[in-house]
>>> print(open('my_file-v9.pdb').read())   # PDB, C-alpha atoms and all ligand atoms
ATOM      1  CA  MET A  70     263.391   1.987 177.815  1.00  0.00           C
ATOM      2  CA  SER A  71     264.843   3.533 174.666  1.00  0.00           C
ATOM      3  CA  ASP A  72     266.260   7.032 174.139  1.00  0.00           C
ATOM      4  CA  ALA A  73     263.496   7.793 171.642  1.00  0.00           C
ATOM      5  CA  HIS A  74     260.872   7.692 174.462  1.00  0.00           C
ATOM      6  CA  PRO A  75     262.368   9.185 177.622  1.00  0.00           C
ATOM      7  CA  ASP A  76     260.494   8.697 180.929  1.00  0.00           C
ATOM      8  CA  PRO A  77     258.522  11.979 181.364  1.00  0.00           C
ATOM      9  CA  VAL A  78     259.348  12.057 185.129  1.00  0.00           C
ATOM     10  CA  GLU A  79     263.078  12.157 184.507  1.00  0.00           C
ATOM     11  CA  PRO A  80     264.361  15.707 183.890  1.00  0.00           C
ATOM     12  CA  THR A  81     265.190  15.931 180.218  1.00  0.00           C
ATOM     13  CA  PRO A  82     267.630  18.440 178.757  1.00  0.00           C
ATOM     14  CA  ALA A  83     264.623  20.490 177.788  1.00  0.00           C
ATOM     15  CA  HIS A  84     263.409  20.599 181.438  1.00  0.00           C
ATOM     16  CA  GLN A  85     266.819  21.625 182.618  1.00  0.00           C
ATOM     17  CA  ARG A  86     266.870  24.619 180.284  1.00  0.00           C
ATOM     18  CA  GLU A  87     263.542  25.925 181.774  1.00  0.00           C
ATOM     19  CA  ASN A  88     263.624  29.003 183.988  1.00  0.00           C
ATOM     20  CA  PRO A  89     262.579  28.438 187.608  1.00  0.00           C
ATOM     21  CA  GLU A  90     258.909  29.125 188.503  1.00  0.00           C
ATOM     22  CA  PRO A  91     258.452  32.910 188.885  1.00  0.00           C
ATOM     23  CA  HIS A  92     258.107  34.244 192.448  1.00  0.00           C
ATOM     24  CA  GLU A  93     256.244  37.324 193.542  1.00  0.00           C
ATOM     25  CA  GLN A  94     259.023  39.690 194.510  1.00  0.00           C
ATOM     26  CA  GLN A  95     256.996  42.769 195.429  1.00  0.00           C
ATOM     27  CA  HIS A  96     254.093  42.491 197.983  1.00  0.00           C
ATOM     28  CA  PHE A  97     253.281  46.176 197.983  1.00  0.00           C
ATOM     29  CA  PRO A  98     250.483  46.262 195.303  1.00  0.00           C
ATOM     30  CA  SER A  99     248.409  43.473 196.923  1.00  0.00           C
ATOM     31  CA  LEU A 100     248.634  45.167 200.343  1.00  0.00           C
ATOM     32  CA  LEU A 101     247.478  48.417 198.801  1.00  0.00           C
ATOM     33  CA  LEU A 102     244.525  46.631 197.171  1.00  0.00           C
ATOM     34  CA  LEU A 103     243.565  45.049 200.489  1.00  0.00           C
ATOM     35  CA  PHE A 104     243.703  48.443 202.165  1.00  0.00           C
ATOM     36  CA  LEU A 105     241.518  50.054 199.484  1.00  0.00           C
ATOM     37  CA  CYS A 106     238.935  47.253 199.784  1.00  0.00           C
ATOM     38  CA  SER A 107     238.776  47.774 203.541  1.00  0.00           C
ATOM     39  CA  VAL A 108     238.215  51.487 203.069  1.00  0.00           C
ATOM     40  CA  LEU A 109     235.428  50.738 200.568  1.00  0.00           C
ATOM     41  CA  VAL A 110     233.663  48.278 202.897  1.00  0.00           C
ATOM     42  CA  PHE A 111     234.024  50.621 205.847  1.00  0.00           C
ATOM     43  CA  SER A 112     232.644  53.659 204.010  1.00  0.00           C
ATOM     44  CA  SER A 113     229.745  51.598 202.576  1.00  0.00           C
ATOM     45  CA  ALA A 114     228.838  50.543 206.099  1.00  0.00           C
ATOM     46  CA  LEU A 115     228.981  54.164 207.258  1.00  0.00           C
ATOM     47  CA  TYR A 116     226.752  55.222 204.345  1.00  0.00           C
ATOM     48  CA  LEU A 117     224.121  52.567 205.102  1.00  0.00           C
ATOM     49  CA  GLN A 118     224.219  53.390 208.797  1.00  0.00           C
ATOM     50  CA  ARG A 119     223.510  57.034 207.973  1.00  0.00           C
ATOM     51  CA  TYR A 120     220.951  56.727 205.125  1.00  0.00           C
ATOM     52  CA  SER A 121     219.188  53.371 205.428  1.00  0.00           C
ATOM     53  CA  GLY A 122     216.490  54.659 207.784  1.00  0.00           C
ATOM     54  CA  ASN A 123     217.064  51.470 209.791  1.00  0.00           C
ATOM     55  CA  PHE A 124     215.627  49.621 206.773  1.00  0.00           C
ATOM     56  CA  ASP A 125     212.199  50.640 208.049  1.00  0.00           C
ATOM     57  CA  PRO A 126     209.727  49.965 205.174  1.00  0.00           C
ATOM     58  CA  LEU A 127     207.583  52.911 206.290  1.00  0.00           C
ATOM     59  CA  VAL A 128     210.277  55.534 205.775  1.00  0.00           C
ATOM     60  CA  TYR A 129     209.477  56.257 202.125  1.00  0.00           C
ATOM     61  CA  ASN A 130     205.937  54.915 202.000  1.00  0.00           C
ATOM     62  CA  GLU A 131     203.618  57.591 200.627  1.00  0.00           C
ATOM     63  CA  GLU A 132     200.535  55.540 201.567  1.00  0.00           C
ATOM     64  CA  VAL A 133     201.157  55.812 205.286  1.00  0.00           C
ATOM     65  CA  GLN A 134     200.302  58.972 207.112  1.00  0.00           C
ATOM     66  CA  GLY A 135     201.864  60.141 210.329  1.00  0.00           C
ATOM     67  CA  THR A 136     204.592  57.507 210.574  1.00  0.00           C
ATOM     68  CA  GLY A 137     207.362  59.163 208.575  1.00  0.00           C
ATOM     69  CA  VAL A 138     210.648  58.693 210.396  1.00  0.00           C
ATOM     70  CA  ALA A 139     212.427  61.996 210.918  1.00  0.00           C
ATOM     71  CA  ALA A 140     216.169  61.582 210.322  1.00  0.00           C
ATOM     72  CA  GLY A 141     218.004  60.724 213.500  1.00  0.00           C
ATOM     73  CA  SER A 142     215.257  61.466 215.978  1.00  0.00           C
ATOM     74  CA  GLY A 143     212.883  58.602 215.215  1.00  0.00           C
ATOM     75  CA  ALA A 144     210.008  60.991 215.924  1.00  0.00           C
ATOM     76  CA  ALA A 145     206.819  60.688 213.872  1.00  0.00           C
ATOM     77  CA  ALA A 146     206.222  63.399 211.249  1.00  0.00           C
ATOM     78  CA  ALA A 147     203.068  63.565 209.117  1.00  0.00           C
ATOM     79  CA  ALA A 148     203.550  63.390 205.342  1.00  0.00           C
ATOM     80  CA  ASP A 149     202.720  66.755 203.743  1.00  0.00           C
ATOM     81  CA  PRO A 150     199.571  66.211 201.592  1.00  0.00           C
ATOM     82  CA  VAL A 151     200.729  68.802 199.056  1.00  0.00           C
ATOM     83  CA  VAL A 152     204.117  67.111 198.611  1.00  0.00           C
ATOM     84  CA  VAL A 153     202.540  63.660 198.276  1.00  0.00           C
ATOM     85  CA  GLY A 154     199.797  65.105 196.051  1.00  0.00           C
ATOM     86  CA  LYS A 155     202.322  66.713 193.714  1.00  0.00           C
ATOM     87  CA  LYS A 156     204.098  63.384 193.254  1.00  0.00           C
ATOM     88  CA  LEU A 157     200.777  61.687 192.479  1.00  0.00           C
ATOM     89  CA  TYR A 158     199.904  64.460 190.042  1.00  0.00           C
ATOM     90  CA  VAL A 159     203.232  64.196 188.207  1.00  0.00           C
ATOM     91  CA  GLN A 160     202.853  60.416 187.925  1.00  0.00           C
ATOM     92  CA  ASN A 161     199.167  60.257 186.958  1.00  0.00           C
ATOM     93  CA  CYS A 162     197.749  63.509 185.619  1.00  0.00           C
ATOM     94  CA  VAL A 163     200.424  65.456 183.687  1.00  0.00           C
ATOM     95  CA  THR A 164     199.998  63.476 180.464  1.00  0.00           C
ATOM     96  CA  CYS A 165     196.614  65.132 180.036  1.00  0.00           C
ATOM     97  CA  HIS A 166     196.415  68.215 182.263  1.00  0.00           C
ATOM     98  CA  GLN A 167     200.154  69.086 181.834  1.00  0.00           C
ATOM     99  CA  ALA A 168     202.703  70.122 184.463  1.00  0.00           C
ATOM    100  CA  THR A 169     201.524  73.720 184.120  1.00  0.00           C
ATOM    101  CA  GLY A 170     197.933  72.680 184.931  1.00  0.00           C
ATOM    102  CA  GLN A 171     196.882  74.338 181.648  1.00  0.00           C
ATOM    103  CA  GLY A 172     195.641  71.164 179.921  1.00  0.00           C
ATOM    104  CA  LEU A 173     195.572  71.070 176.119  1.00  0.00           C
ATOM    105  CA  PRO A 174     193.236  73.481 174.351  1.00  0.00           C
ATOM    106  CA  GLY A 175     190.083  71.803 173.055  1.00  0.00           C
ATOM    107  CA  THR A 176     190.905  68.376 174.551  1.00  0.00           C
ATOM    108  CA  TYR A 177     192.095  68.402 178.146  1.00  0.00           C
ATOM    109  CA  PRO A 178     190.629  71.135 180.351  1.00  0.00           C
ATOM    110  CA  PRO A 179     192.862  73.259 182.595  1.00  0.00           C
ATOM    111  CA  LEU A 180     193.080  72.752 186.355  1.00  0.00           C
ATOM    112  CA  ALA A 181     194.889  76.061 186.909  1.00  0.00           C
ATOM    113  CA  GLY A 182     192.194  78.633 187.530  1.00  0.00           C
ATOM    114  CA  SER A 183     189.453  76.038 186.893  1.00  0.00           C
ATOM    115  CA  ASP A 184     186.153  76.938 188.522  1.00  0.00           C
ATOM    116  CA  TRP A 185     185.623  73.213 189.144  1.00  0.00           C
ATOM    117  CA  VAL A 186     188.916  72.755 190.980  1.00  0.00           C
ATOM    118  CA  VAL A 187     188.528  75.691 193.357  1.00  0.00           C
ATOM    119  CA  GLY A 188     184.745  75.266 193.618  1.00  0.00           C
ATOM    120  CA  ASN A 189     182.652  72.863 195.714  1.00  0.00           C
ATOM    121  CA  GLU A 190     184.820  69.857 196.590  1.00  0.00           C
ATOM    122  CA  GLU A 191     181.775  67.547 196.264  1.00  0.00           C
ATOM    123  CA  ALA A 192     182.015  67.767 192.453  1.00  0.00           C
ATOM    124  CA  ILE A 193     185.753  67.091 191.975  1.00  0.00           C
ATOM    125  CA  ILE A 194     185.757  64.251 194.515  1.00  0.00           C
ATOM    126  CA  ARG A 195     183.030  62.549 192.454  1.00  0.00           C
ATOM    127  CA  ILE A 196     184.968  63.245 189.232  1.00  0.00           C
ATOM    128  CA  LEU A 197     188.136  61.682 190.663  1.00  0.00           C
ATOM    129  CA  ILE A 198     186.356  58.592 192.012  1.00  0.00           C
ATOM    130  CA  HIS A 199     184.177  57.758 188.973  1.00  0.00           C
ATOM    131  CA  GLY A 200     185.503  59.872 186.100  1.00  0.00           C
ATOM    132  CA  LEU A 201     183.767  62.451 183.879  1.00  0.00           C
ATOM    133  CA  THR A 202     182.494  62.185 180.321  1.00  0.00           C
ATOM    134  CA  GLY A 203     180.541  64.256 177.819  1.00  0.00           C
ATOM    135  CA  PRO A 204     180.346  68.019 177.283  1.00  0.00           C
ATOM    136  CA  VAL A 205     181.655  70.170 180.114  1.00  0.00           C
ATOM    137  CA  LYS A 206     182.396  73.885 180.471  1.00  0.00           C
ATOM    138  CA  VAL A 207     185.575  74.766 182.337  1.00  0.00           C
ATOM    139  CA  SER A 208     186.246  78.440 183.009  1.00  0.00           C
ATOM    140  CA  GLY A 209     184.025  79.412 180.074  1.00  0.00           C
ATOM    141  CA  MET A 210     185.535  76.985 177.521  1.00  0.00           C
ATOM    142  CA  ASP A 211     183.826  73.868 176.125  1.00  0.00           C
ATOM    143  CA  TYR A 212     185.365  70.396 176.356  1.00  0.00           C
ATOM    144  CA  GLY A 213     184.001  66.910 175.767  1.00  0.00           C
ATOM    145  CA  SER A 214     186.089  65.220 173.075  1.00  0.00           C
ATOM    146  CA  ALA A 215     187.927  63.108 175.663  1.00  0.00           C
ATOM    147  CA  ALA A 216     187.000  61.496 178.977  1.00  0.00           C
ATOM    148  CA  MET A 217     188.461  61.850 182.434  1.00  0.00           C
ATOM    149  CA  PRO A 218     189.469  58.375 183.760  1.00  0.00           C
ATOM    150  CA  ALA A 219     188.187  57.045 187.109  1.00  0.00           C
ATOM    151  CA  PHE A 220     190.639  56.787 189.998  1.00  0.00           C
ATOM    152  CA  GLY A 221     188.214  54.910 192.285  1.00  0.00           C
ATOM    153  CA  PRO A 222     187.090  51.270 192.044  1.00  0.00           C
ATOM    154  CA  LEU A 223     186.142  51.619 188.346  1.00  0.00           C
ATOM    155  CA  GLY A 224     189.725  52.630 187.542  1.00  0.00           C
ATOM    156  CA  SER A 225     193.018  52.885 189.406  1.00  0.00           C
ATOM    157  CA  ASN A 226     191.317  52.028 192.727  1.00  0.00           C
ATOM    158  CA  TRP A 227     193.004  54.748 194.799  1.00  0.00           C
ATOM    159  CA  LYS A 228     192.429  54.946 198.530  1.00  0.00           C
ATOM    160  CA  ASP A 229     190.756  57.978 200.114  1.00  0.00           C
ATOM    161  CA  GLU A 230     194.136  59.461 201.152  1.00  0.00           C
ATOM    162  CA  LYS A 231     195.541  59.489 197.619  1.00  0.00           C
ATOM    163  CA  ILE A 232     192.431  61.142 196.187  1.00  0.00           C
ATOM    164  CA  ALA A 233     192.428  63.705 199.007  1.00  0.00           C
ATOM    165  CA  HIS A 234     196.138  64.465 198.573  1.00  0.00           C
ATOM    166  CA  VAL A 235     196.060  64.977 194.797  1.00  0.00           C
ATOM    167  CA  LEU A 236     192.935  67.174 195.086  1.00  0.00           C
ATOM    168  CA  THR A 237     194.529  69.209 197.882  1.00  0.00           C
ATOM    169  CA  TYR A 238     197.554  69.695 195.639  1.00  0.00           C
ATOM    170  CA  ILE A 239     195.612  70.915 192.575  1.00  0.00           C
ATOM    171  CA  ARG A 240     193.541  73.240 194.802  1.00  0.00           C
ATOM    172  CA  GLN A 241     196.732  74.951 196.040  1.00  0.00           C
ATOM    173  CA  GLU A 242     199.037  74.948 192.993  1.00  0.00           C
ATOM    174  CA  TRP A 243     199.356  77.382 190.021  1.00  0.00           C
ATOM    175  CA  GLY A 244     197.856  80.228 192.043  1.00  0.00           C
ATOM    176  CA  ASN A 245     194.748  78.202 192.978  1.00  0.00           C
ATOM    177  CA  LYS A 246     193.619  78.949 196.525  1.00  0.00           C
ATOM    178  CA  ALA A 247     191.051  76.584 198.010  1.00  0.00           C
ATOM    179  CA  PRO A 248     190.932  74.667 201.288  1.00  0.00           C
ATOM    180  CA  PRO A 249     192.417  71.140 201.459  1.00  0.00           C
ATOM    181  CA  VAL A 250     190.282  68.050 200.858  1.00  0.00           C
ATOM    182  CA  THR A 251     190.404  65.550 203.731  1.00  0.00           C
ATOM    183  CA  PRO A 252     190.413  61.743 203.420  1.00  0.00           C
ATOM    184  CA  GLU A 253     187.317  61.740 205.670  1.00  0.00           C
ATOM    185  CA  THR A 254     185.346  63.819 203.150  1.00  0.00           C
ATOM    186  CA  VAL A 255     186.451  61.529 200.311  1.00  0.00           C
ATOM    187  CA  ALA A 256     185.343  58.509 202.384  1.00  0.00           C
ATOM    188  CA  ARG A 257     181.905  60.075 202.958  1.00  0.00           C
ATOM    189  CA  VAL A 258     181.430  60.865 199.246  1.00  0.00           C
ATOM    190  CA  ARG A 259     182.670  57.410 198.307  1.00  0.00           C
ATOM    191  CA  ALA A 260     180.078  55.805 200.602  1.00  0.00           C
ATOM    192  CA  ALA A 261     177.297  58.066 199.307  1.00  0.00           C
ATOM    193  CA  THR A 262     178.088  57.167 195.661  1.00  0.00           C
ATOM    194  CA  ALA A 263     178.923  53.483 196.196  1.00  0.00           C
ATOM    195  CA  ASN A 264     176.164  52.349 193.803  1.00  0.00           C
ATOM    196  CA  ARG A 265     177.479  54.440 190.917  1.00  0.00           C
ATOM    197  CA  GLY A 266     178.786  52.191 188.120  1.00  0.00           C
ATOM    198  CA  LYS A 267     179.909  54.679 185.460  1.00  0.00           C
ATOM    199  CA  ALA A 268     181.488  58.093 184.879  1.00  0.00           C
ATOM    200  CA  TRP A 269     179.596  61.289 185.750  1.00  0.00           C
ATOM    201  CA  THR A 270     178.361  63.835 183.258  1.00  0.00           C
ATOM    202  CA  ALA A 271     178.527  67.564 183.961  1.00  0.00           C
ATOM    203  CA  PRO A 272     174.693  68.005 184.178  1.00  0.00           C
ATOM    204  CA  GLU A 273     174.548  65.274 186.855  1.00  0.00           C
ATOM    205  CA  LEU A 274     176.949  67.313 188.978  1.00  0.00           C
ATOM    206  CA  ALA A 275     175.015  70.558 188.493  1.00  0.00           C
ATOM    207  CA  GLU A 276     173.755  70.491 192.093  1.00  0.00           C
ATOM    208  CA  PHE A 277     177.404  70.912 193.193  1.00  0.00           C
ATOM    209  CA  HIS A 278     178.686  72.986 190.318  1.00  0.00           C
ATOM    210  CA  GLU A 279     176.946  75.415 188.075  1.00  0.00           C
ATOM    211  CA  SER A 280     178.959  75.508 184.844  1.00  0.00           C
ATOM    212  CA  LYS A 281     179.906  79.056 183.965  1.00  0.00           C
TER
HETATM  213  C1  LIG B   1     193.621  60.507 179.980  1.00  0.00           C
HETATM  214  C2  LIG B   1     193.666  61.926 180.255  1.00  0.00           C
HETATM  215  C3  LIG B   1     193.392  62.382 181.672  1.00  0.00           C
HETATM  216  C4  LIG B   1     194.062  62.030 182.829  1.00  0.00           C
HETATM  217  C5  LIG B   1     195.205  61.033 182.988  1.00  0.00           C
HETATM  218  C6  LIG B   1     193.470  62.814 183.884  1.00  0.00           C
HETATM  219  N1  LIG B   1     192.470  63.588 183.400  1.00  0.00           N
HETATM  220 FE1  LIG B   1     191.325  64.892 184.445  1.00  0.00          FE
HETATM  221  N2  LIG B   1     190.182  65.250 182.801  1.00  0.00           N
HETATM  222  C7  LIG B   1     190.421  64.731 181.539  1.00  0.00           C
HETATM  223  C8  LIG B   1     189.365  65.151 180.641  1.00  0.00           C
HETATM  224  C9  LIG B   1     189.292  64.807 179.165  1.00  0.00           C
HETATM  225  C10 LIG B   1     188.466  65.909 181.397  1.00  0.00           C
HETATM  226  C11 LIG B   1     187.155  66.522 180.880  1.00  0.00           C
HETATM  227  C12 LIG B   1     186.134  65.390 180.733  1.00  0.00           C
HETATM  228  C13 LIG B   1     184.936  65.763 179.895  1.00  0.00           C
HETATM  229  O1  LIG B   1     185.134  66.447 178.885  1.00  0.00           O
HETATM  230  O2  LIG B   1     183.804  65.375 180.257  1.00  0.00           O
HETATM  231  C14 LIG B   1     189.026  65.983 182.746  1.00  0.00           C
HETATM  232  C15 LIG B   1     188.471  66.685 183.803  1.00  0.00           C
HETATM  233  C16 LIG B   1     189.060  66.868 185.034  1.00  0.00           C
HETATM  234  C17 LIG B   1     188.557  67.739 186.080  1.00  0.00           C
HETATM  235  C18 LIG B   1     187.326  68.632 186.018  1.00  0.00           C
HETATM  236  C19 LIG B   1     187.436  69.721 184.976  1.00  0.00           C
HETATM  237  C20 LIG B   1     188.562  70.699 185.250  1.00  0.00           C
HETATM  238  O3  LIG B   1     189.380  70.889 184.321  1.00  0.00           O
HETATM  239  O4  LIG B   1     188.653  71.288 186.336  1.00  0.00           O
HETATM  240  C21 LIG B   1     189.422  67.618 187.142  1.00  0.00           C
HETATM  241  C22 LIG B   1     189.346  68.330 188.464  1.00  0.00           C
HETATM  242  C23 LIG B   1     190.446  66.666 186.764  1.00  0.00           C
HETATM  243  N3  LIG B   1     190.201  66.225 185.487  1.00  0.00           N
HETATM  244  C24 LIG B   1     191.499  66.276 187.579  1.00  0.00           C
HETATM  245  C25 LIG B   1     192.409  65.266 187.246  1.00  0.00           C
HETATM  246  C26 LIG B   1     193.408  64.752 188.157  1.00  0.00           C
HETATM  247  C27 LIG B   1     193.667  65.277 189.558  1.00  0.00           C
HETATM  248  C28 LIG B   1     194.049  63.742 187.500  1.00  0.00           C
HETATM  249  C29 LIG B   1     195.137  62.821 188.032  1.00  0.00           C
HETATM  250  C30 LIG B   1     194.856  62.138 189.260  1.00  0.00           C
HETATM  251  C31 LIG B   1     193.475  63.658 186.175  1.00  0.00           C
HETATM  252  N4  LIG B   1     192.490  64.596 186.062  1.00  0.00           N
HETATM  253  C32 LIG B   1     193.904  62.764 185.211  1.00  0.00           C
HETATM  254  C33 LIG B   1     191.493  63.944 181.179  1.00  0.00           C
HETATM  255  C34 LIG B   1     192.387  63.351 182.044  1.00  0.00           C
END
>>> encode(input="my_file-v9.pdb", output="structure tokens")
Amino acid sequence: MSDAHPDPVEPTPAHQRENPEPHEQQHFPSLLLLFLCSVLVFSSALYLQRYSGNFDPLVYNEEVQGTGVAAGSGAAAAADPVVVGKKLYVQNCVTCHQATGQGLPGTYPPLAGSDWVVGNEEAIIRILIHGLTGPVKVSGMDYGSAAMPAFGPLGSNWKDEKIAHVLTYIRQEWGNKAPPVTPETVARVRAATANRGKAWTAPELAEFHESK
């Protein structure tokens, strides 16, 4: 073995000049971190315990009626049709009829103060299920340049409850005052019009609504 190639295991002068491996002198910061993590885990658990609703899938389900879990008590509370209906309206109708229920002049008719909305429920249930197309008079103004989409089987395929809730909402919002629409009535109208394969026109609904 020559001096030009020293055995790497033997400490060389260079090794001997090295500083010793550093040691952690101060344990305080890591203890503090551990403590903070524990607090975080503990408070997360407390939060879930309080707000998870026992991870019951029905807690926030708008489709289910009468099984809402009241906080803490576990007692059943019926979902308010107007509250559910408003949510449905905001998600599905505002683009055309607007949040104010005023529609857009000449294109989308108003629901606020509409003689259709507060009139015979038979007409608006049919309009929601199958849609409406062609000329229509709403509160004295003419519309017909656009069509009202179907929310029944020809369109979004809503269940009776959803149709009833959104109609109940528009009949009681913006100063409108008309009785609620029940899912049972929607079911009856749905059955009676089951053979219908296209949107209604205003004249076809004249037996339920005389356009003024
Ligand atoms: C794509 C736009 C559009 C959407 C979305 C829409 N509508 Fe309509 N709606 C119309 C149009 C257009 C008419 C008039 C149809 C015609 O001229 O024949 C109408 C008519 C109506 C009417 C009867 C006339 C009146 O003004 O009172 C009601 C009631 C109604 N819509 C309720 C709703 C509800 C409730 C929703 C949501 C679930 C909804 N519409 C979603 C466009 C829309």
>>> resolve_selection(input="my_file-v9.pdb", expression="the PyMOL selection byres (((chain A and resi 148-161) around 6) and not hetatm)", output="list in words")
Gln134, Ala147, Cys162, Val163, His234, Val235 and Tyr238 of chain A
>>> residues_near_ligand(input="my_file-v9.pdb", ligand="ligand LIG 1 (chain B)", cutoff="7 Å", atoms="all atoms listed in the file", output="PyMOL selection string")
chain A and resi 157-158+161-166+176-180+183-186+193+196-197+201-205+207+212-218+220+235-236+239+270-271
>>> residues_near_point(input="my_file-v9.pdb", point="(177.6, 53.7, 194.8)", cutoff="12 Å", atoms="only C-alpha atoms", output="list in words")
Arg195, Ile198, His199, Gly221, Pro222, Leu223, Ala256, Arg257, Val258, Arg259, Ala260, Ala261, Thr262, Ala263, Asn264, Arg265, Gly266, Lys267, Ala268 and Trp269 of chain A
>>> atom_distance(input="my_file-v9.pdb", atom1="CA of Leu115 in chain A", atom2="CA of Leu100 in chain A")
22.7 Å
>>> residues_near_point(input="my_file-v9.pdb", point="(177.4, 68.6, 192.7)", cutoff="10 Å", atoms="only C-alpha atoms", output="PDB file with C-alpha atoms, in the coordinates of the input")
ATOM      1  CA  GLY A 188     184.745  75.266 193.618  1.00  0.00           C
ATOM      2  CA  ASN A 189     182.652  72.863 195.714  1.00  0.00           C
ATOM      3  CA  GLU A 190     184.820  69.857 196.590  1.00  0.00           C
ATOM      4  CA  GLU A 191     181.775  67.547 196.264  1.00  0.00           C
ATOM      5  CA  ALA A 192     182.015  67.767 192.453  1.00  0.00           C
ATOM      6  CA  ILE A 193     185.753  67.091 191.975  1.00  0.00           C
ATOM      7  CA  ILE A 194     185.757  64.251 194.515  1.00  0.00           C
ATOM      8  CA  ARG A 195     183.030  62.549 192.454  1.00  0.00           C
ATOM      9  CA  ILE A 196     184.968  63.245 189.232  1.00  0.00           C
ATOM     10  CA  ALA A 271     178.527  67.564 183.961  1.00  0.00           C
ATOM     11  CA  PRO A 272     174.693  68.005 184.178  1.00  0.00           C
ATOM     12  CA  GLU A 273     174.548  65.274 186.855  1.00  0.00           C
ATOM     13  CA  LEU A 274     176.949  67.313 188.978  1.00  0.00           C
ATOM     14  CA  ALA A 275     175.015  70.558 188.493  1.00  0.00           C
ATOM     15  CA  GLU A 276     173.755  70.491 192.093  1.00  0.00           C
ATOM     16  CA  PHE A 277     177.404  70.912 193.193  1.00  0.00           C
ATOM     17  CA  HIS A 278     178.686  72.986 190.318  1.00  0.00           C
ATOM     18  CA  GLU A 279     176.946  75.415 188.075  1.00  0.00           C
TER      19      GLU A 279
END
>>> closest_residue(input="my_file-v9.pdb", among="A:Asn88, A:Gly175, A:Tyr120, A:Ala114", to="Lys206 in chain A", atoms="all atoms listed in the file")
A:Gly175
>>> atom_distance(input="my_file-v9.pdb", atom1="CA of Ser225 in chain A", atom2="CA of Gln241 in chain A")
23.3 Å
>>> atom_distance(input="my_file-v9.pdb", atom1="CA of Glu242 in chain A", atom2="CA of Glu230 in chain A")
18.2 Å
>>> residues_around(input="my_file-v9.pdb", residues="Arg240 in chain A", least_positions_apart="3", cutoff="9 Å", atoms="all atoms listed in the file", output="ChimeraX atom specification")
/A:180-181,186-187,235-237,243-250
>>> write_last_selection(input="my_file-v9.pdb", atoms="C-alpha atoms", output="short mmCIF file (atom, residue, chain, number, x, y, z; two decimals), in the coordinates of the input")
data_model
loop_
_atom_site.label_atom_id
_atom_site.label_comp_id
_atom_site.auth_asym_id
_atom_site.auth_seq_id
_atom_site.Cartn_x
_atom_site.Cartn_y
_atom_site.Cartn_z
CA LEU A 180 193.08 72.75 186.36
CA ALA A 181 194.89 76.06 186.91
CA VAL A 186 188.92 72.76 190.98
CA VAL A 187 188.53 75.69 193.36
CA VAL A 235 196.06 64.98 194.80
CA LEU A 236 192.94 67.17 195.09
CA THR A 237 194.53 69.21 197.88
CA TRP A 243 199.36 77.38 190.02
CA GLY A 244 197.86 80.23 192.04
CA ASN A 245 194.75 78.20 192.98
CA LYS A 246 193.62 78.95 196.52
CA ALA A 247 191.05 76.58 198.01
CA PRO A 248 190.93 74.67 201.29
CA PRO A 249 192.42 71.14 201.46
CA VAL A 250 190.28 68.05 200.86
#
>>> closest_residue(input="my_file-v9.pdb", among="A:Pro174, A:Pro89, A:Pro98, A:Pro82", to="Asp211 in chain A", atoms="all atoms listed in the file")
A:Pro174
>>> axis_aligned_box(input="my_file-v9.pdb", around="range 104-111 of chain A", padding_each_side="5 Å", output="AutoDock Vina command-line options")
--center_x 238.7 --center_y 49.4 --center_z 202.7 --size_x 20.0 --size_y 14.2 --size_z 16.4
